[in-house]
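**Student:** Next comes input31.json, JSON, C-alpha atoms:
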```json
[["chain", "number", "residue", "atom", "x", "y", "z"],
["M", 293, "MET", "CA", 87.24, 123.33, 103.96],
["M", 294, "ALA", "CA", 86.60, 125.12, 100.69],
["M", 295, "GLY", "CA", 83.35, 124.10, 99.15],
["M", 296, "THR", "CA", 81.89, 122.94, 102.48],
["M", 297, "PRO", "CA", 78.44, 124.44, 103.20],
["M", 298, "MET", "CA", 78.48, 126.94, 106.05],
["M", 299, "ALA", "CA", 76.07, 124.85, 108.13],
["M", 300, "ALA", "CA", 78.31, 121.79, 107.82],
["M", 301, "ARG", "CA", 81.60, 123.51, 108.70],
["M", 302, "PRO", "CA", 81.17, 123.41, 112.51],
["M", 303, "VAL", "CA", 80.45, 119.68, 112.30],
["M", 304, "ALA", "CA", 83.51, 119.10, 110.11],
["M", 305, "ALA", "CA", 85.69, 121.16, 112.44],
["M", 306, "LEU", "CA", 84.50, 119.21, 115.47],
["M", 307, "ALA", "CA", 85.09, 115.92, 113.63],
["M", 308, "ALA", "CA", 88.64, 117.02, 112.78],
["M", 309, "LEU", "CA", 89.27, 117.98, 116.42],
["M", 310, "ALA", "CA", 87.98, 114.60, 117.58],
["M", 311, "LEU", "CA", 90.35, 112.82, 115.20],
["M", 312, "GLY", "CA", 93.24, 114.94, 116.48],
["M", 313, "PHE", "CA", 92.47, 113.86, 120.05],
["M", 314, "ASN", "CA", 92.45, 110.23, 118.97],
["M", 315, "ALA", "CA", 95.78, 110.71, 117.17],
["M", 316, "PHE", "CA", 97.30, 112.09, 120.38],
["M", 317, "THR", "CA", 95.88, 109.14, 122.33],
["M", 318, "TRP", "CA", 97.46, 106.62, 119.98],
["M", 319, "GLY", "CA", 100.66, 108.62, 119.57],
["M", 320, "VAL", "CA", 101.58, 108.51, 123.25],
["M", 321, "SER", "CA", 99.87, 105.23, 124.20],
["M", 322, "TRP", "CA", 103.13, 103.30, 123.83],
["M", 323, "TRP", "CA", 104.35, 104.74, 127.15],
["M", 324, "PRO", "CA", 101.57, 103.45, 129.46],
["M", 325, "PHE", "CA", 101.64, 100.07, 127.71],
["M", 326, "ARG", "CA", 105.35, 99.79, 128.41],
["M", 327, "GLN", "CA", 104.76, 100.80, 132.03],
["M", 328, "LEU", "CA", 102.17, 98.04, 132.41],
["M", 329, "GLU", "CA", 104.50, 95.53, 130.78],
["M", 330, "ALA", "CA", 107.24, 96.52, 133.22],
["M", 331, "GLN", "CA", 104.84, 95.42, 135.98],
["M", 332, "GLY", "CA", 104.43, 92.01, 134.35],
["M", 333, "LEU", "CA", 101.31, 92.62, 132.26],
["M", 334, "HIS", "CA", 101.99, 91.72, 128.62],
["M", 335, "ALA", "CA", 100.71, 94.21, 126.05],
["M", 336, "LEU", "CA", 98.16, 91.71, 124.76],
["M", 337, "TRP", "CA", 96.78, 91.10, 128.26],
["M", 338, "SER", "CA", 96.64, 94.86, 128.74],
["M", 339, "THR", "CA", 94.63, 95.12, 125.52],
["M", 340, "VAL", "CA", 92.20, 92.41, 126.67],
["M", 341, "LEU", "CA", 91.69, 94.10, 130.04],
["M", 342, "ILE", "CA", 91.46, 97.68, 128.79],
["M", 343, "TYR", "CA", 89.11, 96.98, 125.90],
["M", 344, "GLY", "CA", 87.09, 94.51, 127.95],
["M", 345, "LEU", "CA", 86.46, 97.18, 130.59],
["M", 346, "ALA", "CA", 85.42, 99.67, 127.91],
["M", 347, "ALA", "CA", 83.07, 97.12, 126.30],
["M", 348, "LEU", "CA", 81.58, 96.38, 129.73],
["M", 349, "LEU", "CA", 80.93, 100.07, 130.32],
["M", 350, "ILE", "CA", 79.15, 100.39, 126.97],
["M", 351, "THR", "CA", 77.12, 97.28, 127.81],
["M", 352, "VAL", "CA", 75.96, 98.83, 131.09],
["M", 353, "LEU", "CA", 75.12, 102.20, 129.53],
["M", 354, "ARG", "CA", 73.76, 100.98, 126.16],
["M", 355, "PRO", "CA", 72.69, 97.31, 126.45],
["M", 356, "ALA", "CA", 70.69, 97.56, 123.22],
["M", 357, "ALA", "CA", 73.99, 97.95, 121.34],
["M", 358, "TRP", "CA", 74.53, 94.19, 121.60],
["M", 359, "ARG", "CA", 71.31, 93.46, 119.72],
["M", 360, "GLU", "CA", 72.30, 95.82, 116.93],
["M", 361, "LEU", "CA", 75.80, 94.35, 116.75],
["M", 362, "LEU", "CA", 74.65, 90.72, 116.69],
["M", 363, "ARG", "CA", 72.03, 91.46, 114.02],
["M", 364, "THR", "CA", 74.42, 93.34, 111.72],
["M", 365, "PRO", "CA", 76.97, 91.05, 110.04],
["M", 366, "THR", "CA", 78.79, 93.99, 108.43],
["M", 367, "LEU", "CA", 79.67, 95.29, 111.89],
["M", 368, "TRP", "CA", 81.56, 92.05, 112.48],
["M", 369, "VAL", "CA", 84.08, 93.26, 109.90],
["M", 370, "LEU", "CA", 84.62, 96.26, 112.18],
["M", 371, "VAL", "CA", 85.09, 93.86, 115.11],
["M", 372, "LEU", "CA", 87.88, 92.03, 113.28],
["M", 373, "ALA", "CA", 89.48, 95.18, 111.84],
["M", 374, "SER", "CA", 89.54, 97.03, 115.17],
["M", 375, "GLY", "CA", 90.76, 93.98, 117.06],
["M", 376, "THR", "CA", 93.61, 93.37, 114.62],
["M", 377, "THR", "CA", 94.56, 97.05, 114.67],
["M", 378, "ASN", "CA", 94.84, 97.17, 118.44],
["M", 379, "VAL", "CA", 96.70, 93.88, 118.74],
["M", 380, "CYS", "CA", 99.27, 94.93, 116.12],
["M", 381, "PHE", "CA", 99.81, 98.47, 117.33],
["M", 382, "ASN", "CA", 99.83, 97.87, 121.09],
["M", 383, "TRP", "CA", 102.12, 94.87, 120.82],
["M", 384, "GLY", "CA", 104.38, 96.46, 118.20],
["M", 385, "VAL", "CA", 105.14, 99.68, 120.11],
["M", 386, "THR", "CA", 106.04, 97.78, 123.28],
["M", 387, "MET", "CA", 108.74, 95.67, 121.59],
["M", 388, "GLY", "CA", 110.12, 97.77, 118.73],
["M", 389, "ASP", "CA", 111.50, 101.21, 117.95],
["M", 390, "VAL", "CA", 108.43, 103.41, 118.41],
["M", 391, "VAL", "CA", 109.27, 105.83, 115.59],
["M", 392, "ARG", "CA", 109.81, 103.07, 113.02],
["M", 393, "VAL", "CA", 106.71, 101.17, 114.11],
["M", 394, "VAL", "CA", 104.48, 104.25, 113.91],
["M", 395, "LEU", "CA", 105.85, 105.28, 110.51],
["M", 396, "LEU", "CA", 105.20, 101.83, 109.06],
["M", 397, "PHE", "CA", 101.78, 101.80, 110.68],
["M", 398, "TYR", "CA", 101.08, 105.03, 108.82],
["M", 399, "LEU", "CA", 101.32, 103.36, 105.49],
["M", 400, "MET", "CA", 97.63, 103.15, 106.39],
["M", 401, "PRO", "CA", 96.66, 105.87, 103.84],
["M", 402, "LEU", "CA", 98.21, 103.69, 101.13],
["M", 403, "TRP", "CA", 95.76, 100.90, 101.91],
["M", 404, "ALA", "CA", 92.91, 103.41, 102.35],
["M", 405, "VAL", "CA", 93.07, 104.31, 98.65],
["M", 406, "GLY", "CA", 92.07, 100.83, 97.53],
["M", 407, "LEU", "CA", 89.68, 100.14, 100.39],
["M", 408, "ALA", "CA", 87.82, 103.43, 99.94],
["M", 409, "ARG", "CA", 87.40, 102.63, 96.25],
["M", 410, "LEU", "CA", 86.26, 99.06, 96.93],
["M", 411, "LEU", "CA", 83.91, 99.69, 99.86],
["M", 412, "LEU", "CA", 82.86, 103.34, 99.49],
["M", 413, "ASN", "CA", 83.15, 103.77, 95.72],
["M", 414, "GLU", "CA", 85.39, 106.82, 96.17],
["M", 415, "ARG", "CA", 86.91, 107.94, 92.87],
["M", 416, "LEU", "CA", 90.55, 107.13, 92.12],
["M", 417, "THR", "CA", 92.58, 110.02, 90.72],
["M", 418, "PRO", "CA", 96.08, 110.52, 89.27],
["M", 419, "LEU", "CA", 96.95, 112.24, 92.56],
["M", 420, "ALA", "CA", 96.13, 109.00, 94.35],
["M", 421, "GLY", "CA", 98.70, 107.25, 92.16],
["M", 422, "VAL", "CA", 101.34, 109.81, 93.14],
["M", 423, "ARG", "CA", 100.41, 109.29, 96.75],
["M", 424, "VAL", "CA", 100.82, 105.54, 96.47],
["M", 425, "GLY", "CA", 104.23, 106.01, 94.84],
["M", 426, "LEU", "CA", 105.42, 108.34, 97.61],
["M", 427, "ALA", "CA", 104.24, 105.98, 100.32],
["M", 428, "LEU", "CA", 105.95, 102.99, 98.74],
["M", 429, "ALA", "CA", 109.19, 104.93, 98.23],
["M", 430, "GLY", "CA", 109.10, 106.12, 101.83],
["M", 431, "ALA", "CA", 108.51, 102.60, 103.10],
["M", 432, "ALA", "CA", 111.42, 101.28, 101.03],
["M", 433, "ILE", "CA", 113.78, 103.91, 102.49],
["M", 434, "VAL", "CA", 112.64, 103.25, 106.06],
["M", 435, "LEU", "CA", 113.00, 99.49, 105.64],
["M", 436, "TRP", "CA", 116.25, 99.47, 103.63],
["M", 437, "PRO", "CA", 118.83, 97.50, 105.67],
["M", 438, "GLU", "CA", 122.14, 99.26, 106.40],
["M", 439, "GLY", "CA", 124.14, 96.31, 105.07],
["M", 440, "GLY", "CA", 122.10, 96.02, 101.89],
["M", 441, "GLY", "CA", 119.40, 93.58, 100.91],
["M", 442, "LEU", "CA", 115.68, 93.72, 100.31],
["M", 443, "PRO", "CA", 113.64, 96.49, 102.03],
["M", 444, "LEU", "CA", 111.54, 94.14, 104.12],
["M", 445, "PRO", "CA", 110.33, 94.52, 107.71],
["M", 446, "GLN", "CA", 112.95, 93.54, 110.27],
["M", 447, "GLY", "CA", 111.44, 91.65, 113.14],
["M", 448, "LEU", "CA", 107.96, 91.02, 114.45],
["M", 449, "ALA", "CA", 107.31, 94.63, 115.55],
["M", 450, "GLU", "CA", 107.64, 95.97, 111.99],
["M", 451, "TRP", "CA", 105.47, 93.22, 110.49],
["M", 452, "LEU", "CA", 102.85, 94.02, 113.12],
["M", 453, "ALA", "CA", 103.06, 97.72, 112.17],
["M", 454, "ILE", "CA", 102.32, 97.04, 108.50],
["M", 455, "LEU", "CA", 99.46, 94.64, 109.23],
["M", 456, "GLY", "CA", 98.10, 97.10, 111.80],
["M", 457, "GLY", "CA", 98.15, 99.92, 109.27],
["M", 458, "PHE", "CA", 96.12, 97.87, 106.81],
["M", 459, "SER", "CA", 93.57, 96.86, 109.43],
["M", 460, "PHE", "CA", 93.33, 100.47, 110.66],
["M", 461, "ALA", "CA", 92.57, 101.64, 107.12],
["M", 462, "LEU", "CA", 89.83, 99.01, 106.96],
["M", 463, "ASN", "CA", 88.60, 100.14, 110.38],
["M", 464, "ASN", "CA", 88.24, 103.76, 109.25],
["M", 465, "VAL", "CA", 86.57, 102.87, 105.98],
["M", 466, "MET", "CA", 84.10, 100.60, 107.78],
["M", 467, "LEU", "CA", 83.24, 103.41, 110.20],
["M", 468, "ARG", "CA", 82.11, 105.47, 107.23],
["M", 469, "HIS", "CA", 80.41, 102.48, 105.61],
["M", 470, "GLN", "CA", 78.42, 101.89, 108.81],
["M", 471, "ALA", "CA", 77.85, 105.57, 109.65],
["M", 472, "HIS", "CA", 74.09, 104.97, 109.76],
["M", 473, "ARG", "CA", 74.50, 102.58, 112.71],
["M", 474, "SER", "CA", 74.32, 103.89, 116.26],
["M", 475, "ASP", "CA", 77.48, 105.23, 117.88],
["M", 476, "ALA", "CA", 77.07, 102.71, 120.70],
["M", 477, "ALA", "CA", 76.96, 99.71, 118.34],
["M", 478, "ARG", "CA", 80.02, 100.84, 116.42],
["M", 479, "ALA", "CA", 81.94, 101.56, 119.62],
["M", 480, "LEU", "CA", 80.95, 98.19, 121.04],
["M", 481, "ALA", "CA", 82.16, 96.50, 117.84],
["M", 482, "MET", "CA", 85.54, 98.22, 118.15],
["M", 483, "PHE", "CA", 86.09, 97.46, 121.84],
["M", 484, "SER", "CA", 84.77, 93.91, 121.73],
["M", 485, "GLY", "CA", 87.05, 93.34, 118.74],
["M", 486, "GLY", "CA", 90.09, 94.42, 120.73],
["M", 487, "THR", "CA", 89.05, 92.11, 123.56],
["M", 488, "VAL", "CA", 88.27, 89.03, 121.46],
["M", 489, "VAL", "CA", 91.18, 89.18, 118.98],
["M", 490, "ALA", "CA", 93.79, 90.01, 121.62],
["M", 491, "GLY", "CA", 92.34, 87.43, 124.01],
["M", 492, "ALA", "CA", 92.34, 84.62, 121.48],
["M", 493, "LEU", "CA", 95.91, 85.40, 120.44],
["M", 494, "VAL", "CA", 97.45, 85.80, 123.90],
["M", 495, "VAL", "CA", 95.78, 82.66, 125.28],
["M", 496, "THR", "CA", 97.12, 80.70, 122.31],
["M", 497, "LEU", "CA", 100.62, 82.11, 122.86],
["M", 498, "ALA", "CA", 100.47, 81.50, 126.61],
["M", 499, "LEU", "CA", 99.43, 77.88, 126.13],
["M", 500, "GLN", "CA", 102.45, 77.44, 123.86],
["M", 501, "GLY", "CA", 104.76, 79.10, 126.38],
["M", 502, "GLN", "CA", 105.43, 82.08, 124.10],
["M", 503, "ALA", "CA", 103.69, 84.69, 126.28],
["M", 504, "PRO", "CA", 103.33, 84.98, 130.07],
["M", 505, "TRP", "CA", 100.04, 84.55, 131.88],
["M", 506, "PRO", "CA", 98.76, 87.64, 133.74],
["M", 507, "PRO", "CA", 100.48, 88.45, 137.04],
["M", 508, "ALA", "CA", 98.73, 88.32, 140.40],
["M", 509, "PRO", "CA", 96.25, 91.19, 140.89],
["M", 510, "ALA", "CA", 97.91, 94.40, 142.10],
["M", 511, "TRP", "CA", 96.75, 97.98, 142.59],
["M", 512, "GLY", "CA", 99.52, 99.38, 140.40],
["M", 513, "TRP", "CA", 98.71, 97.75, 137.09],
["M", 514, "GLY", "CA", 95.00, 97.42, 137.95],
["M", 515, "LEU", "CA", 94.43, 101.15, 138.36],
["M", 516, "GLY", "CA", 96.65, 101.86, 135.38],
["M", 517, "ALA", "CA", 94.59, 99.56, 133.18],
["M", 518, "LEU", "CA", 91.34, 101.14, 134.41],
["M", 519, "GLY", "CA", 92.61, 104.63, 133.64],
["M", 520, "LEU", "CA", 93.74, 103.55, 130.18],
["M", 521, "ALA", "CA", 90.36, 101.95, 129.53],
["M", 522, "LEU", "CA", 88.57, 105.25, 130.21],
["M", 523, "TRP", "CA", 91.09, 107.21, 128.13],
["M", 524, "PHE", "CA", 90.87, 104.78, 125.21],
["M", 525, "LEU", "CA", 87.09, 104.82, 125.41],
["M", 526, "LEU", "CA", 87.09, 108.58, 124.92],
["M", 527, "GLY", "CA", 89.72, 108.36, 122.20],
["M", 528, "ASN", "CA", 87.94, 105.66, 120.22],
["M", 529, "LEU", "CA", 84.57, 107.37, 120.53],
["M", 530, "ALA", "CA", 86.30, 110.46, 119.13],
["M", 531, "LEU", "CA", 87.71, 108.35, 116.28],
["M", 532, "GLN", "CA", 84.38, 106.86, 115.27],
["M", 533, "TYR", "CA", 82.70, 110.28, 115.56],
["M", 534, "GLY", "CA", 85.25, 111.94, 113.31],
["M", 535, "ALA", "CA", 85.80, 109.09, 110.83],
["M", 536, "SER", "CA", 82.07, 108.64, 110.27],
["M", 537, "ARG", "CA", 81.65, 112.33, 109.37],
["M", 538, "LEU", "CA", 84.68, 112.93, 107.14],
["M", 539, "PRO", "CA", 85.88, 111.22, 103.94],
["M", 540, "ALA", "CA", 88.22, 108.27, 104.56],
["M", 541, "ASN", "CA", 91.20, 110.06, 103.00],
["M", 542, "ALA", "CA", 90.59, 113.21, 105.04],
["M", 543, "THR", "CA", 90.57, 111.02, 108.14],
["M", 544, "ALA", "CA", 93.96, 109.65, 107.09],
["M", 545, "VAL", "CA", 95.40, 113.14, 106.74],
["M", 546, "ILE", "CA", 94.34, 114.30, 110.20],
["M", 547, "MET", "CA", 95.32, 111.07, 111.89],
["M", 548, "VAL", "CA", 98.86, 111.32, 110.53],
["M", 549, "SER", "CA", 99.54, 113.82, 113.33],
["M", 550, "GLU", "CA", 99.95, 110.71, 115.45],
["M", 551, "VAL", "CA", 103.39, 110.35, 113.86],
["M", 552, "LEU", "CA", 104.43, 113.69, 115.35],
["M", 553, "PHE", "CA", 103.06, 112.86, 118.80],
["M", 554, "ALA", "CA", 104.73, 109.43, 118.77],
["M", 555, "ALA", "CA", 108.08, 110.59, 117.38],
["M", 556, "VAL", "CA", 108.50, 113.50, 119.78],
["M", 557, "SER", "CA", 107.45, 111.50, 122.85],
["M", 558, "ALA", "CA", 109.58, 108.46, 121.86],
["M", 559, "VAL", "CA", 112.74, 110.46, 121.19],
["M", 560, "LEU", "CA", 112.36, 112.49, 124.38],
["M", 561, "LEU", "CA", 111.80, 109.34, 126.47],
["M", 562, "GLY", "CA", 114.44, 107.19, 124.76],
["M", 563, "ALA", "CA", 112.12, 104.73, 123.03],
["M", 564, "GLY", "CA", 113.00, 105.70, 119.46],
["M", 565, "THR", "CA", 115.82, 107.09, 117.35],
["M", 566, "LEU", "CA", 116.02, 109.40, 114.35],
["M", 567, "SER", "CA", 118.36, 109.05, 111.38],
["M", 568, "ALA", "CA", 118.68, 110.68, 107.97],
["M", 569, "PRO", "CA", 117.10, 107.73, 106.07],
["M", 570, "LEU", "CA", 114.31, 107.48, 108.65],
["M", 571, "LEU", "CA", 113.56, 111.20, 108.34],
["M", 572, "LEU", "CA", 113.61, 111.03, 104.53],
["M", 573, "GLY", "CA", 111.45, 107.93, 104.29],
["M", 574, "GLY", "CA", 109.13, 109.17, 107.01],
["M", 575, "GLY", "CA", 108.81, 112.51, 105.23],
["M", 576, "LEU", "CA", 107.68, 110.74, 102.05],
["M", 577, "ILE", "CA", 105.13, 108.67, 103.97],
["M", 578, "VAL", "CA", 103.76, 111.79, 105.66],
["M", 579, "ALA", "CA", 103.73, 113.66, 102.34],
["M", 580, "ALA", "CA", 101.71, 110.85, 100.78],
["M", 581, "SER", "CA", 99.16, 111.20, 103.56],
["M", 582, "LEU", "CA", 98.96, 114.96, 103.25],
["M", 583, "LEU", "CA", 98.35, 114.76, 99.51],
["M", 584, "ALA", "CA", 95.01, 113.19, 100.33],
["M", 585, "ALA", "CA", 93.88, 116.64, 101.48],
["M", 586, "ARG", "CA", 93.55, 117.57, 97.81],
["M", 587, "HIS", "CA", 91.36, 114.54, 97.06]]
```
Could you show the structure in this file as structure tokens?
**Tutor:**
Amino acid sequence: MAGTPMAARPVAALAALALGFNAFTWGVSWWPFRQLEAQGLHALWSTVLIYGLAALLITVLRPAAWRELLRTPTLWVLVLASGTTNVCFNWGVTMGDVVRVVLLFYLMPLWAVGLARLLLNERLTPLAGVRVGLALAGAAIVLWPEGGGLPLPQGLAEWLAILGGFSFALNNVMLRHQAHRSDAARALAMFSGGTVVAGALVVTLALQGQAPWPPAPAWGWGLGALGLALWFLLGNLALQYGASRLPANATAVIMVSEVLFAAVSAVLLGAGTLSAPLLLGGGLIVAASLLAARH
């Protein structure tokens, strides 16, 4: 934290720690979502229930947050960004290879370069160009098919990962853009977004017969969803605390530790595989994120 005033360093350190906790939360969240799905609760229904419970808790504790949210159109962008992020990530890690999905999701710093310039007026540098090049090269290696062809996402899970990474970059930039708003209003925007976007999508899919309706109420998945709601509430409050107090690119660097948490947990529990191209491409993506530390 060279150049950071002494009085500001404890705040920056706490913000970095909060982001690390959120990265751990997201990195291992694939496992409880898969456990809930094994009990008949689709990942999108889990998202609706978990984020709905968290939004309800905020409503009870901070009812004034709704007035601030409804009167602030720019917070609606956060609603959409957070909702899209959670739909894409939670659904993607339950159906695809966790390591590949998380790596593609972490093209997020690539999108953050342009979004931070557009919305926060952060200066673009030659180093940012190198970072973009590394991220694109890493993505191409990860996506390159074994039999040849174009390096495009294979299957819905990988498309969701890329879209989720873009929306997560927008989410983090908007947290900084709206840092002057209350923590309760920003948290409510994030959790209500997860509820509304996931709910609209899963109801549409269920009506078309492409997703199951929720199973009958049961203690197993009910208590699991409640526990996840509390955990995600803490994790997302940590995210908005940290992201609103650190530059967008610094947020991207710290949050990339999610890749480590996800990869280790997925390989140990049999939900992901490692290969030489995946390690090489993933290393380039991670390197691109870490270069932002010099920005």
**Student:** Which of these, M:Ala335, M:Val394, M:Leu560, M:Ala580, has the shortest distance to Glu450 in chain M once you count only C-alpha atoms?
**Tutor:** M:Val394
**Student:** Between range 339-399 of chain M and range 488-491 of chain M, at 10 Å or less, what are the per-residue closest atom pairs and their distances in Å? Count only C-alpha atoms, order by chain and rising residue number, and return it as a Markdown table.
**Tutor:**
```
| residue | atom | partner | partner_atom | distance |
| --- | --- | --- | --- | --- |
| M:Thr339 | CA | M:Ala490 | CA | 6.5 |
| M:Val340 | CA | M:Gly491 | CA | 5.6 |
| M:Leu341 | CA | M:Gly491 | CA | 9.0 |
| M:Tyr343 | CA | M:Val488 | CA | 9.1 |
| M:Gly344 | CA | M:Val488 | CA | 8.6 |
| M:Val371 | CA | M:Val488 | CA | 8.6 |
| M:Leu372 | CA | M:Val489 | CA | 7.2 |
| M:Ala373 | CA | M:Val489 | CA | 9.5 |
| M:Ser374 | CA | M:Val489 | CA | 8.9 |
| M:Gly375 | CA | M:Val489 | CA | 5.2 |
| M:Thr376 | CA | M:Val489 | CA | 6.5 |
| M:Thr377 | CA | M:Val489 | CA | 9.6 |
| M:Asn378 | CA | M:Ala490 | CA | 7.9 |
| M:Val379 | CA | M:Ala490 | CA | 5.6 |
| M:Cys380 | CA | M:Ala490 | CA | 9.2 |
| M:Asn382 | CA | M:Ala490 | CA | 9.9 |
| M:Trp383 | CA | M:Ala490 | CA | 9.7 |
```
**Student:** In Å, with one decimal, what is the gap from CA of Arg478 in chain M to CA of Gly527 in chain M?
**Tutor:**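 Separating CA of Arg478 in chain M from CA of Gly527 in chain M is a distance of 13.6 Å.
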**Student:** Can you work out which one of M:Met466, M:Ser557, M:Met547, M:Pro506 has the shortest atom-to-atom distance to Ala530 in chain M, counting all atoms listed in the file?
**Tutor:**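 Of all the options, M:Met547 lies closest to Ala530 in chain M.
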**Student:** Could you tell me how far CA of Arg392 in chain M sits from CA of Ile577 in chain M, in Å to one decimal place?
**Tutor:** 11.6 Å
**Student:** Would you mind telling me which residue in M:Arg326, M:Arg473, M:Arg423, M:Arg363 lies nearest to Gly388 in chain M when using all atoms listed in the file?
**Tutor:**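 Answer, going by the shortest atom-to-atom distance: M:Arg326.
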**Student:** Do a neighbour search on Thr366 in chain M at 9 Å with only C-alpha atoms, toss out local chain neighbours closer than 4 positions, and write the hits as a list of chain:residue names.
**Tutor:** M:Leu361, M:Leu370, M:Met466, M:Gln470
**Student:** Can you tell me how far CA of Pro365 in chain M sits from CA of Leu311 in chain M, in Å to one decimal?
**Tutor:**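 Interatomic distance, CA of Pro365 in chain M to CA of Leu311 in chain M: 26.1 Å.
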**Student:** For range 507-516 of chain M, work out the shell of residues within 7 Å, counting all atoms listed in the file and skipping chain neighbours fewer than 2 positions away, then give it as JSON, numbers by chain.
**Tutor:** {"M": [328, 331, 332, 333, 505, 518, 519, 520]}
**Student:** Which residue out of M:Leu367, M:Ala431, M:Leu444, M:Ala521 has the minimum interatomic distance to Leu462 in chain M when all atoms listed in the file are used?
**Tutor:**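 Closest to Leu462 in chain M of all the choices is M:Leu367.
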**Student:** Could you check the closest approach to Ala492 in chain M for each of M:Ala563, M:Ala308, M:Trp337, M:Phe316 and tell me which residue wins, using all atoms listed in the file?
**Tutor:**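 Ranked by minimum distance to Ala492 in chain M, first place goes to M:Trp337.
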**Student:** Where does range 390-487 of chain M meet range 552-556 of chain M within 12 Å, residue by residue, with the nearest atom pair and distance in Å to one decimal for each, counting all atoms listed in the file, listed by chain and rising number, as JSON lines?
**Tutor:**
```
{"residue": "M:Val390", "atom": "CA", "partner": "M:Ala554", "partner_atom": "CA", "distance": 7.1}
{"residue": "M:Val391", "atom": "CA", "partner": "M:Ala555", "partner_atom": "CA", "distance": 5.2}
{"residue": "M:Arg392", "atom": "CA", "partner": "M:Ala555", "partner_atom": "CA", "distance": 8.9}
{"residue": "M:Val393", "atom": "CA", "partner": "M:Ala554", "partner_atom": "CA", "distance": 9.7}
{"residue": "M:Val394", "atom": "CA", "partner": "M:Ala554", "partner_atom": "CA", "distance": 7.1}
{"residue": "M:Leu395", "atom": "CA", "partner": "M:Ala555", "partner_atom": "CA", "distance": 9.0}
{"residue": "M:Phe397", "atom": "CA", "partner": "M:Ala554", "partner_atom": "CA", "distance": 11.5}
{"residue": "M:Tyr398", "atom": "CA", "partner": "M:Leu552", "partner_atom": "CA", "distance": 11.4}
```
**Student:** Let me make sure I understand: among M:Trp451, M:Val385, M:Thr317, M:Gly312, which one has the smallest atom-to-atom distance to Val545 in chain M if we use all atoms listed in the file?
**Tutor:**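 Between M:Trp451, M:Val385, M:Thr317, M:Gly312, the residue approaching Val545 in chain M most closely is M:Gly312.
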**Student:** Any chance you could work out the axis-aligned box around range 459-476 of chain M, listed atoms only, 5 Å on each side, giving centre and edge lengths in Å to one decimal, as JSON?
**Tutor:**
```
{"center_x": 83.8, "center_y": 101.2, "center_z": 113.2, "size_x": 29.5, "size_y": 18.7, "size_z": 25.1}
```
